[in-house]
>>> print(open('structure-v9.txt').read())   # compact mmCIF, C-alpha atoms and all ligand atoms
# COMPACT_ATOMS: atom_id res chain seq x y z
CA MET A 1363 80.13 -97.27 12.41
CA GLY A 1364 78.15 -98.05 9.31
CA GLY A 1365 78.74 -99.02 5.71
CA THR A 1366 78.28 -95.48 4.39
CA LYS A 1367 79.57 -93.39 7.28
CA ILE A 1368 81.36 -93.25 10.58
CA LEU A 1369 79.75 -90.88 13.08
CA ALA A 1370 81.95 -90.17 16.07
CA GLY A 1371 81.05 -87.94 18.99
CA VAL A 1372 81.99 -86.72 22.43
CA VAL A 1373 79.17 -87.79 24.75
CA ASP A 1374 78.73 -87.26 28.47
CA ARG A 1375 77.14 -89.68 30.94
CA GLU A 1376 73.76 -88.01 30.52
CA GLY A 1377 73.85 -88.78 26.80
CA LYS A 1378 74.47 -85.20 25.74
CA VAL A 1379 76.46 -85.05 22.50
CA LEU A 1380 79.10 -82.34 22.98
CA ALA A 1381 80.92 -82.69 19.65
CA ARG A 1382 80.52 -84.65 16.42
CA HIS A 1383 82.72 -85.82 13.60
CA LEU A 1384 81.27 -87.44 10.49
CA VAL A 1385 83.24 -89.42 7.91
CA GLU A 1386 81.38 -90.23 4.68
CA SER A 1387 82.37 -93.40 2.82
CA PRO A 1388 84.90 -94.94 5.22
CA GLY A 1389 86.32 -97.07 2.41
CA SER A 1390 86.27 -100.53 0.93
CA SER A 1391 89.25 -102.22 2.62
CA GLU A 1392 90.00 -103.07 6.23
CA GLU A 1393 92.96 -100.71 6.12
CA ASP A 1394 90.83 -97.78 4.85
CA VAL A 1395 88.16 -98.31 7.49
CA LEU A 1396 90.67 -98.50 10.34
CA GLU A 1397 92.42 -95.39 9.06
CA ALA A 1398 89.10 -93.49 8.88
CA LEU A 1399 88.09 -94.68 12.35
CA ASP A 1400 91.43 -93.80 13.92
CA ALA A 1401 91.40 -90.36 12.29
CA SER A 1402 87.88 -89.57 13.47
CA LEU A 1403 88.70 -90.64 17.04
CA GLU A 1404 91.94 -88.65 16.89
CA SER A 1405 90.06 -85.53 15.83
CA LEU A 1406 87.87 -85.62 18.95
CA LEU A 1407 90.36 -86.82 21.50
CA ASP A 1408 91.30 -84.48 24.33
CA ASP A 1409 91.81 -84.54 28.11
CA ARG A 1410 88.07 -84.92 28.76
CA ILE A 1411 87.85 -88.31 27.11
CA ALA A 1412 87.77 -91.16 29.66
CA ALA A 1413 86.84 -94.09 27.43
CA ILE A 1414 85.86 -95.09 23.89
CA GLY A 1415 82.72 -96.97 22.89
CA LEU A 1416 82.16 -98.56 19.49
CA GLY A 1417 78.89 -99.51 17.82
CA ILE A 1418 79.25 -101.69 14.76
CA PRO A 1419 76.85 -103.51 12.38
CA SER A 1420 78.28 -106.92 13.13
CA ASN A 1421 77.81 -110.00 15.19
CA LEU A 1422 80.39 -110.06 17.97
CA GLU A 1423 81.92 -113.01 19.71
CA ARG A 1424 80.42 -113.13 23.19
CA GLY A 1425 82.90 -112.44 25.93
CA THR A 1426 85.70 -111.14 23.73
CA GLY A 1427 83.81 -108.63 21.55
CA ARG A 1428 85.70 -109.83 18.50
CA VAL A 1429 84.08 -108.67 15.23
CA LEU A 1430 82.98 -111.85 13.47
CA ARG A 1431 81.47 -110.55 10.25
CA ALA A 1432 80.35 -106.98 9.73
CA THR A 1433 77.44 -106.10 7.45
CA ASN A 1434 78.48 -103.56 4.80
CA LEU A 1435 81.93 -103.06 6.32
CA PRO A 1436 85.11 -104.89 5.24
CA LEU A 1437 85.83 -106.20 8.72
CA ASP A 1438 85.88 -109.94 9.09
CA ASP A 1439 87.06 -111.87 12.15
CA PHE A 1440 88.91 -108.86 13.54
CA ASP A 1441 89.77 -107.68 17.06
CA LEU A 1442 88.61 -104.09 16.63
CA LEU A 1443 88.40 -103.54 20.38
CA GLY A 1444 92.04 -104.57 20.79
CA HIS A 1445 93.06 -102.36 17.89
CA VAL A 1446 91.45 -99.24 19.38
CA ARG A 1447 92.63 -100.01 22.92
CA THR A 1448 96.24 -100.41 21.75
CA ARG A 1449 96.08 -97.32 19.55
CA PHE A 1450 94.57 -94.95 22.16
CA GLY A 1451 95.40 -96.51 25.54
CA LEU A 1452 91.89 -95.96 26.96
CA PRO A 1453 89.17 -98.32 28.20
CA VAL A 1454 87.20 -99.49 25.15
CA GLY A 1455 83.76 -101.08 24.88
CA ILE A 1456 82.18 -102.53 21.76
CA GLU A 1457 78.64 -103.58 20.94
CA ASN A 1458 76.47 -104.43 17.96
CA ASP A 1459 74.90 -101.20 16.64
CA ALA A 1460 71.29 -102.21 17.31
CA ASN A 1461 72.19 -103.39 20.82
CA ALA A 1462 73.86 -100.02 21.38
CA ALA A 1463 70.77 -98.13 20.15
CA THR A 1464 68.62 -100.28 22.45
CA PHE A 1465 70.89 -99.44 25.39
CA ALA A 1466 70.49 -95.71 24.67
CA GLU A 1467 66.70 -95.85 24.26
CA TRP A 1468 66.42 -97.81 27.50
CA LYS A 1469 68.66 -95.52 29.57
CA LEU A 1470 67.77 -92.16 28.05
CA GLY A 1471 64.94 -92.48 25.53
CA ALA A 1472 61.56 -94.16 25.07
CA GLY A 1473 62.36 -97.02 27.46
CA ARG A 1474 63.36 -95.02 30.53
CA GLY A 1475 62.27 -96.63 33.79
CA VAL A 1476 61.25 -100.09 32.57
CA SER A 1477 63.13 -103.31 33.36
CA ASN A 1478 62.20 -105.33 30.27
CA LEU A 1479 61.97 -104.11 26.70
CA LEU A 1480 62.63 -105.06 23.13
CA MET A 1481 63.74 -102.73 20.39
CA LEU A 1482 63.49 -103.17 16.64
CA THR A 1483 65.28 -100.80 14.27
CA LEU A 1484 63.70 -100.71 10.82
CA GLY A 1485 66.18 -99.32 8.33
CA THR A 1486 67.96 -100.90 5.39
CA GLY A 1487 67.76 -104.04 7.51
CA VAL A 1488 66.01 -104.83 10.78
CA GLY A 1489 68.11 -104.81 13.93
CA GLY A 1490 67.06 -105.86 17.40
CA GLY A 1491 67.97 -105.43 21.03
CA ILE A 1492 66.81 -106.90 24.30
CA VAL A 1493 66.76 -105.54 27.85
CA LEU A 1494 65.84 -108.21 30.40
CA ASP A 1495 65.63 -107.87 34.19
CA GLY A 1496 67.23 -104.44 34.06
CA ALA A 1497 70.27 -105.31 31.93
CA LEU A 1498 71.10 -105.11 28.23
CA TYR A 1499 71.49 -108.57 26.74
CA ARG A 1500 75.04 -108.45 25.35
CA GLY A 1501 74.77 -111.40 22.95
CA TRP A 1502 73.27 -111.76 19.48
CA ALA A 1503 69.81 -110.28 19.26
CA GLU A 1504 69.09 -110.67 15.56
CA LEU A 1505 65.37 -110.14 15.94
CA GLY A 1506 65.12 -109.14 12.28
CA HIS A 1507 65.98 -112.66 11.23
CA ILE A 1508 63.00 -114.54 12.57
CA VAL A 1509 60.55 -116.15 10.13
CA VAL A 1510 57.24 -114.32 9.84
CA LEU A 1511 56.16 -115.77 6.48
CA ALA A 1512 57.05 -119.40 5.83
CA GLY A 1513 58.50 -119.74 2.32
CA GLY A 1514 58.51 -115.96 1.94
CA PRO A 1515 60.93 -113.73 0.01
CA PRO A 1516 64.68 -114.23 0.39
CA CYS A 1517 66.44 -112.25 3.08
CA GLN A 1518 69.28 -109.80 2.42
CA GLY A 1519 73.02 -109.48 2.64
CA ASN A 1520 74.74 -112.35 4.39
CA CYS A 1521 71.44 -113.99 5.38
CA HIS A 1522 70.27 -116.96 3.30
CA GLY A 1523 66.91 -117.35 5.06
CA HIS A 1524 63.44 -116.75 3.64
CA GLY A 1525 60.43 -114.84 4.94
CA HIS A 1526 62.40 -113.12 7.68
CA LEU A 1527 61.08 -109.95 9.28
CA GLU A 1528 63.93 -108.03 7.61
CA ALA A 1529 62.72 -109.14 4.17
CA LEU A 1530 59.15 -107.99 4.90
CA ALA A 1531 59.24 -104.97 7.22
CA SER A 1532 62.48 -103.06 6.53
CA GLY A 1533 62.92 -99.85 4.60
CA THR A 1534 64.24 -102.07 1.82
CA ALA A 1535 60.99 -104.05 1.81
CA ALA A 1536 59.06 -100.77 1.63
CA ASP A 1537 61.26 -99.64 -1.28
CA ARG A 1538 60.43 -102.89 -3.06
CA ALA A 1539 56.68 -102.50 -2.45
CA ALA A 1540 56.86 -98.97 -3.86
CA ARG A 1541 58.82 -100.04 -6.96
CA GLU A 1542 56.33 -102.82 -7.67
CA ARG A 1543 53.50 -100.28 -7.75
CA TRP A 1544 55.02 -97.15 -9.23
CA GLY A 1545 58.18 -98.20 -11.05
CA ASP A 1546 61.89 -98.23 -10.42
CA ALA A 1547 62.15 -94.57 -9.45
CA SER A 1548 59.79 -95.02 -6.53
CA ASN A 1549 60.86 -95.71 -2.95
CA ALA A 1550 59.73 -96.07 0.66
CA ARG A 1551 59.41 -92.32 1.06
CA GLU A 1552 56.84 -92.17 -1.76
CA LEU A 1553 55.00 -95.14 -0.28
CA VAL A 1554 54.72 -93.40 3.08
CA GLU A 1555 53.63 -90.10 1.52
CA ARG A 1556 51.00 -91.76 -0.65
CA ALA A 1557 49.68 -93.76 2.31
CA ARG A 1558 49.36 -90.56 4.34
CA SER A 1559 47.41 -88.87 1.58
CA GLY A 1560 44.94 -91.77 1.46
CA ASP A 1561 46.10 -93.80 -1.57
CA ASP A 1562 44.44 -97.21 -1.10
CA GLY A 1563 47.29 -99.27 -2.60
CA ALA A 1564 49.86 -97.49 -0.45
CA ARG A 1565 47.76 -97.86 2.68
CA GLY A 1566 47.36 -101.56 1.95
CA ALA A 1567 51.09 -102.03 1.50
CA MET A 1568 51.84 -100.20 4.76
CA LEU A 1569 49.22 -102.27 6.58
CA GLU A 1570 50.85 -105.43 5.27
CA ILE A 1571 54.25 -104.30 6.54
CA ALA A 1572 52.73 -103.30 9.90
CA GLY A 1573 51.03 -106.70 10.09
CA TYR A 1574 54.30 -108.58 9.67
CA LEU A 1575 55.94 -106.30 12.22
CA GLY A 1576 53.11 -106.90 14.68
CA ASP A 1577 53.10 -110.67 14.17
CA ALA A 1578 56.83 -110.73 14.89
CA ILE A 1579 56.43 -108.54 17.97
CA GLY A 1580 53.56 -110.67 19.29
CA SER A 1581 55.68 -113.80 18.90
CA LEU A 1582 58.65 -112.13 20.61
CA ALA A 1583 56.37 -110.94 23.42
CA ASN A 1584 55.42 -114.56 24.07
CA ILE A 1585 59.10 -115.33 24.68
CA PHE A 1586 60.38 -112.22 26.47
CA ASP A 1587 57.26 -110.66 28.06
CA PRO A 1588 58.51 -107.09 27.58
CA GLU A 1589 56.80 -104.12 29.24
CA LEU A 1590 57.39 -102.15 26.08
CA VAL A 1591 58.55 -102.55 22.49
CA VAL A 1592 60.42 -99.60 20.97
CA VAL A 1593 60.47 -99.19 17.19
CA GLY A 1594 63.25 -97.06 15.73
CA GLY A 1595 65.46 -96.88 12.66
CA GLY A 1596 65.15 -94.52 9.71
CA PHE A 1597 62.07 -96.17 8.16
CA GLY A 1598 60.51 -97.11 11.52
CA GLU A 1599 60.61 -93.54 12.77
CA ALA A 1600 59.63 -91.90 9.47
CA ALA A 1601 56.54 -94.14 9.21
CA SER A 1602 55.66 -94.55 12.90
CA ASP A 1603 52.26 -92.85 12.47
CA LEU A 1604 51.31 -95.50 9.89
CA LEU A 1605 52.99 -98.54 11.43
CA LEU A 1606 52.68 -98.57 15.19
CA GLU A 1607 48.92 -98.69 15.75
CA PRO A 1608 48.18 -101.55 13.33
CA ALA A 1609 51.36 -103.34 14.46
CA GLN A 1610 50.22 -103.12 18.07
CA ALA A 1611 46.81 -104.55 17.15
CA ALA A 1612 48.46 -107.42 15.25
CA ALA A 1613 50.91 -108.05 18.09
CA ARG A 1614 48.12 -108.23 20.65
CA GLY A 1615 46.41 -110.70 18.34
CA GLN A 1616 49.37 -113.08 18.72
CA ALA A 1617 50.30 -112.40 22.35
CA LEU A 1618 49.22 -114.49 25.31
CA ALA A 1619 47.19 -112.94 28.14
CA PRO A 1620 47.67 -110.48 29.70
CA ALA A 1621 49.96 -109.08 26.97
CA ASP A 1622 47.07 -109.47 24.49
CA GLY A 1623 45.55 -106.44 26.21
CA THR A 1624 48.57 -104.57 27.55
CA LEU A 1625 51.47 -104.92 25.09
CA ARG A 1626 52.63 -101.47 23.99
CA ILE A 1627 54.63 -100.48 20.93
CA VAL A 1628 56.15 -96.99 21.02
CA SER A 1629 58.38 -94.92 18.79
CA ALA A 1630 62.06 -94.43 19.58
CA GLU A 1631 62.97 -90.97 20.91
CA LEU A 1632 66.66 -90.48 20.26
CA GLY A 1633 66.53 -90.63 16.46
CA VAL A 1634 69.66 -91.08 14.42
CA GLU A 1635 71.91 -90.43 17.42
CA ALA A 1636 70.69 -93.46 19.41
CA GLY A 1637 73.56 -95.58 18.06
CA LEU A 1638 76.15 -92.93 18.87
CA ILE A 1639 74.83 -92.35 22.39
CA GLY A 1640 74.50 -96.09 23.02
CA ALA A 1641 78.08 -96.69 21.90
CA ALA A 1642 79.19 -94.03 24.38
CA LEU A 1643 77.24 -95.76 27.17
CA VAL A 1644 79.04 -98.99 26.27
CA GLY A 1645 82.30 -97.04 26.62
CA PHE A 1646 81.27 -95.84 30.10
CA ASP A 1647 80.45 -99.45 31.00
CA ALA A 1648 83.98 -100.47 29.99
CA LEU A 1649 85.37 -97.60 32.08
CA ASP A 1650 83.30 -98.57 35.13
CA GLU A 1651 84.23 -102.22 34.80
CA GLY A 1652 87.92 -101.33 34.48
CA ASP A 1653 88.31 -102.90 31.01
ZN ZN B 1701 67.43 -112.96 7.48
>>> encode(input="structure-v9.txt", output="structure tokens")
Amino acid sequence: MGGTKILAGVVDREGKVLARHLVESPGSSEEDVLEALDASLESLLDDRIAAIGLGIPSNLERGTGRVLRATNLPLDDFDLLGHVRTRFGLPVGIENDANAATFAEWKLGAGRGVSNLLMLTLGTGVGGGIVLDGALYRGWAELGHIVVLAGGPPCQGNCHGHGHLEALASGTAADRAARERWGDASNARELVERARSGDDGARGAMLEIAGYLGDAIGSLANIFDPELVVVGGGFGEAASDLLLEPAQAAARGQALAPADGTLRIVSAELGVEAGLIGAALVGFDALDEGD
């Protein structure tokens, strides 16, 4: 689920997407969103479906999965899991969207086979996810809201912090850098294209973004000691050729030994469907746990 669309799908245990249903603009009230969600689930439901998994841009209450406050969706302090379980009578799992994408990349994408990884999704905002000791961390993993520039620019949306990674290394930050250079019609896409064709200003702006990303990753590596850091999200994947190498160098510059020589940053592999596939895996978890 997202602010501008709901993507639903039928997914098997191997992460294969067998059917899809996309709703544009799910609406501006709780009632509209629930109606759109129920209708999209309804449209895919048949005898094959064993469980439902939900991925949502929101912090969830640990233990209960209650939606506390969704970003860009009119859901506030709401038991979405209970709603879907009552409506459809199936096991239901719910997870933050970036946690769900992390789960998918770990099980089926760029993080296959490791026991410890971090993921950052660079899109409109910056989401995060953590796999530690072979399990997805099911609590808040708001890795986009760590300070990388003291006294830096204000953060976005519901966040009142300053100098957070999200304010400096998201697609929105890249849009802003482009507008500052080439006017209001410019955007992150132009920044990336100009950087690729050798424009010095664009290359500098991308290096600055990569530097903040790398500083954040180096700091996180000193806490979590991941084998691998996966970078995904619309902007992260579209600009991976410009971001990952300098970010890795910056990260190694902050990381303690031996991560200062071994820390690896790689691109996500599952693309825009990581969230959908991860939500499905969360549904299978609920099924297996008998929820
Ligand atoms: Zn923030």
>>> atom_distance(input="structure-v9.txt", atom1="atom CA of A:Leu1480", atom2="atom CA of A:Gly1580")
11.3 Å
>>> atom_distance(input="structure-v9.txt", atom1="atom CA of A:Ile1579", atom2="atom CA of A:Leu1618")
11.9 Å
>>> closest_residue(input="structure-v9.txt", among="A:Ser1602, A:Ser1402, A:Asn1520, A:Gln1610", to="ligand ZN 1701 (chain B)", atoms="only C-alpha atoms and all ligand atoms")
A:Asn1520
>>> residues_around(input="structure-v9.txt", residues="A:Gln1518", least_positions_apart="6", cutoff="8 Å", atoms="only C-alpha atoms", output="PyMOL selection string")
chain A and resi 1487+1528-1529
>>> residues_near_ligand(input="structure-v9.txt", ligand="ligand ZN 1701 (chain B)", cutoff="8 Å", atoms="only C-alpha atoms and all ligand atoms", output="ChimeraX atom specification")
/A:1506-1508,1516-1518,1520-1529
>>> atom_distance(input="structure-v9.txt", atom1="atom CA of A:Leu1380", atom2="atom CA of A:Val1446")
21.2 Å
>>> closest_residue(input="structure-v9.txt", among="A:Thr1426, A:Asn1434, A:Asn1421, A:Asn1478", to="A:Val1454", atoms="all atoms listed in the file")
A:Thr1426
>>> closest_residue(input="structure-v9.txt", among="A:Gly1377, A:Gly1594, A:Gly1496, A:Gly1637", to="A:Pro1419", atoms="all atoms listed in the file")
A:Gly1637
>>> residues_near_point(input="structure-v9.txt", point="(86.4, -110.6, 12.1)", cutoff="8 Å", atoms="all atoms listed in the file", output="list in words")
Arg1428, Val1429, Leu1430, Arg1431, Ala1432, Leu1437, Asp1438, Asp1439, Phe1440 and Asp1441 of chain A
>>> residues_around(input="structure-v9.txt", residues="A:Arg1375", least_positions_apart="5", cutoff="12 Å", atoms="all atoms listed in the file", output="PyMOL selection string")
chain A and resi 1380+1411-1413+1466+1469-1470+1639-1647+1649-1650
>>> residues_around(input="structure-v9.txt", residues="stretch 1565-1568 of chain A", least_positions_apart="4", cutoff="12 Å", atoms="only C-alpha atoms", output="ChimeraX atom specification")
/A:1530-1533,1535-1543,1550-1561,1572-1575,1597-1598,1601-1609
>>> residues_near_point(input="structure-v9.txt", point="(58.7, -93.8, 17.5)", cutoff="7 Å", atoms="all atoms listed in the file", output="PyMOL selection string")
chain A and resi 1592-1594+1599+1602+1628-1631
>>> closest_residue(input="structure-v9.txt", among="A:Glu1651, A:Thr1433, A:Arg1449, A:Val1379", to="A:Leu1399", atoms="all atoms listed in the file")
A:Arg1449
>>> decode(input="structure-v9.txt", residues="stretch 1381-1411 of chain A", atoms="N, CA and C atoms", output="JSON list (two decimals), in the first residue's frame")
[["chain", "number", "residue", "atom", "x", "y", "z"],
["A", 1381, "ALA", "N", -0.38, -13.09, -10.28],
["A", 1381, "ALA", "CA", -1.42, -12.17, -10.74],
["A", 1381, "ALA", "C", -1.23, -10.84, -10.03],
["A", 1382, "ARG", "N", -1.69, -9.78, -10.67],
["A", 1382, "ARG", "CA", -1.53, -8.43, -10.11],
["A", 1382, "ARG", "C", -2.82, -7.65, -10.23],
["A", 1383, "HIS", "N", -3.01, -6.74, -9.30],
["A", 1383, "HIS", "CA", -4.15, -5.82, -9.39],
["A", 1383, "HIS", "C", -3.70, -4.47, -8.83],
["A", 1384, "LEU", "N", -3.79, -3.44, -9.67],
["A", 1384, "LEU", "CA", -3.30, -2.12, -9.29],
["A", 1384, "LEU", "C", -4.46, -1.15, -9.14],
["A", 1385, "VAL", "N", -4.51, -0.47, -8.00],
["A", 1385, "VAL", "CA", -5.48, 0.61, -7.81],
["A", 1385, "VAL", "C", -4.70, 1.92, -7.75],
["A", 1386, "GLU", "N", -5.02, 2.85, -8.66],
["A", 1386, "GLU", "CA", -4.42, 4.18, -8.59],
["A", 1386, "GLU", "C", -5.24, 5.03, -7.63],
["A", 1387, "SER", "N", -4.59, 5.94, -6.95],
["A", 1387, "SER", "CA", -5.28, 6.89, -6.05],
["A", 1387, "SER", "C", -6.31, 6.22, -5.14],
["A", 1388, "PRO", "N", -5.85, 5.53, -4.10],
["A", 1388, "PRO", "CA", -6.79, 4.82, -3.22],
["A", 1388, "PRO", "C", -7.72, 5.73, -2.42],
["A", 1389, "GLY", "N", -7.52, 7.04, -2.47],
["A", 1389, "GLY", "CA", -8.50, 7.92, -1.83],
["A", 1389, "GLY", "C", -7.93, 8.70, -0.67],
["A", 1390, "SER", "N", -8.75, 9.63, -0.16],
["A", 1390, "SER", "CA", -8.23, 10.56, 0.83],
["A", 1390, "SER", "C", -8.88, 10.39, 2.20],
["A", 1391, "SER", "N", -9.75, 9.39, 2.35],
["A", 1391, "SER", "CA", -10.33, 9.13, 3.68],
["A", 1391, "SER", "C", -10.07, 7.67, 4.06],
["A", 1392, "GLU", "N", -10.15, 7.39, 5.34],
["A", 1392, "GLU", "CA", -9.95, 6.02, 5.81],
["A", 1392, "GLU", "C", -10.94, 5.07, 5.12],
["A", 1393, "GLU", "N", -12.17, 5.53, 5.00],
["A", 1393, "GLU", "CA", -13.22, 4.71, 4.39],
["A", 1393, "GLU", "C", -12.86, 4.36, 2.93],
["A", 1394, "ASP", "N", -12.41, 5.37, 2.16],
["A", 1394, "ASP", "CA", -12.03, 5.16, 0.76],
["A", 1394, "ASP", "C", -10.90, 4.14, 0.65],
["A", 1395, "VAL", "N", -9.88, 4.31, 1.50],
["A", 1395, "VAL", "CA", -8.71, 3.43, 1.41],
["A", 1395, "VAL", "C", -9.10, 1.98, 1.74],
["A", 1396, "LEU", "N", -9.92, 1.81, 2.77],
["A", 1396, "LEU", "CA", -10.33, 0.45, 3.14],
["A", 1396, "LEU", "C", -11.18, -0.17, 2.04],
["A", 1397, "GLU", "N", -12.03, 0.64, 1.44],
["A", 1397, "GLU", "CA", -12.87, 0.15, 0.34],
["A", 1397, "GLU", "C", -12.00, -0.30, -0.84],
["A", 1398, "ALA", "N", -10.99, 0.53, -1.18],
["A", 1398, "ALA", "CA", -10.10, 0.20, -2.29],
["A", 1398, "ALA", "C", -9.28, -1.05, -1.97],
["A", 1399, "LEU", "N", -8.81, -1.16, -0.74],
["A", 1399, "LEU", "CA", -8.03, -2.33, -0.35],
["A", 1399, "LEU", "C", -8.89, -3.59, -0.40],
["A", 1400, "ASP", "N", -10.06, -3.53, 0.20],
["A", 1400, "ASP", "CA", -10.95, -4.70, 0.21],
["A", 1400, "ASP", "C", -11.29, -5.14, -1.21],
["A", 1401, "ALA", "N", -11.57, -4.15, -2.09],
["A", 1401, "ALA", "CA", -11.94, -4.49, -3.46],
["A", 1401, "ALA", "C", -10.78, -5.14, -4.20],
["A", 1402, "SER", "N", -9.55, -4.64, -3.96],
["A", 1402, "SER", "CA", -8.43, -5.23, -4.69],
["A", 1402, "SER", "C", -8.12, -6.63, -4.17],
["A", 1403, "LEU", "N", -8.28, -6.86, -2.88],
["A", 1403, "LEU", "CA", -8.10, -8.22, -2.36],
["A", 1403, "LEU", "C", -9.19, -9.15, -2.90],
["A", 1404, "GLU", "N", -10.41, -8.65, -2.88],
["A", 1404, "GLU", "CA", -11.56, -9.41, -3.39],
["A", 1404, "GLU", "C", -11.31, -9.88, -4.82],
["A", 1405, "SER", "N", -10.75, -8.97, -5.63],
["A", 1405, "SER", "CA", -10.60, -9.27, -7.05],
["A", 1405, "SER", "C", -9.59, -10.40, -7.30],
["A", 1406, "LEU", "N", -8.72, -10.66, -6.33],
["A", 1406, "LEU", "CA", -7.69, -11.68, -6.52],
["A", 1406, "LEU", "C", -7.96, -12.97, -5.75],
["A", 1407, "LEU", "N", -8.97, -12.91, -4.89],
["A", 1407, "LEU", "CA", -9.19, -14.01, -3.97],
["A", 1407, "LEU", "C", -9.78, -15.22, -4.68],
["A", 1408, "ASP", "N", -9.15, -16.38, -4.49],
["A", 1408, "ASP", "CA", -9.76, -17.62, -4.95],
["A", 1408, "ASP", "C", -9.27, -18.76, -4.05],
["A", 1409, "ASP", "N", -9.55, -19.98, -4.42],
["A", 1409, "ASP", "CA", -9.26, -21.13, -3.55],
["A", 1409, "ASP", "C", -7.77, -21.32, -3.28],
["A", 1410, "ARG", "N", -6.92, -20.73, -4.14],
["A", 1410, "ARG", "CA", -5.47, -20.92, -3.95],
["A", 1410, "ARG", "C", -4.94, -20.12, -2.77],
["A", 1411, "ILE", "N", -5.66, -19.07, -2.39],
["A", 1411, "ILE", "CA", -5.09, -18.11, -1.44],
["A", 1411, "ILE", "C", -5.14, -18.65, -0.01]]
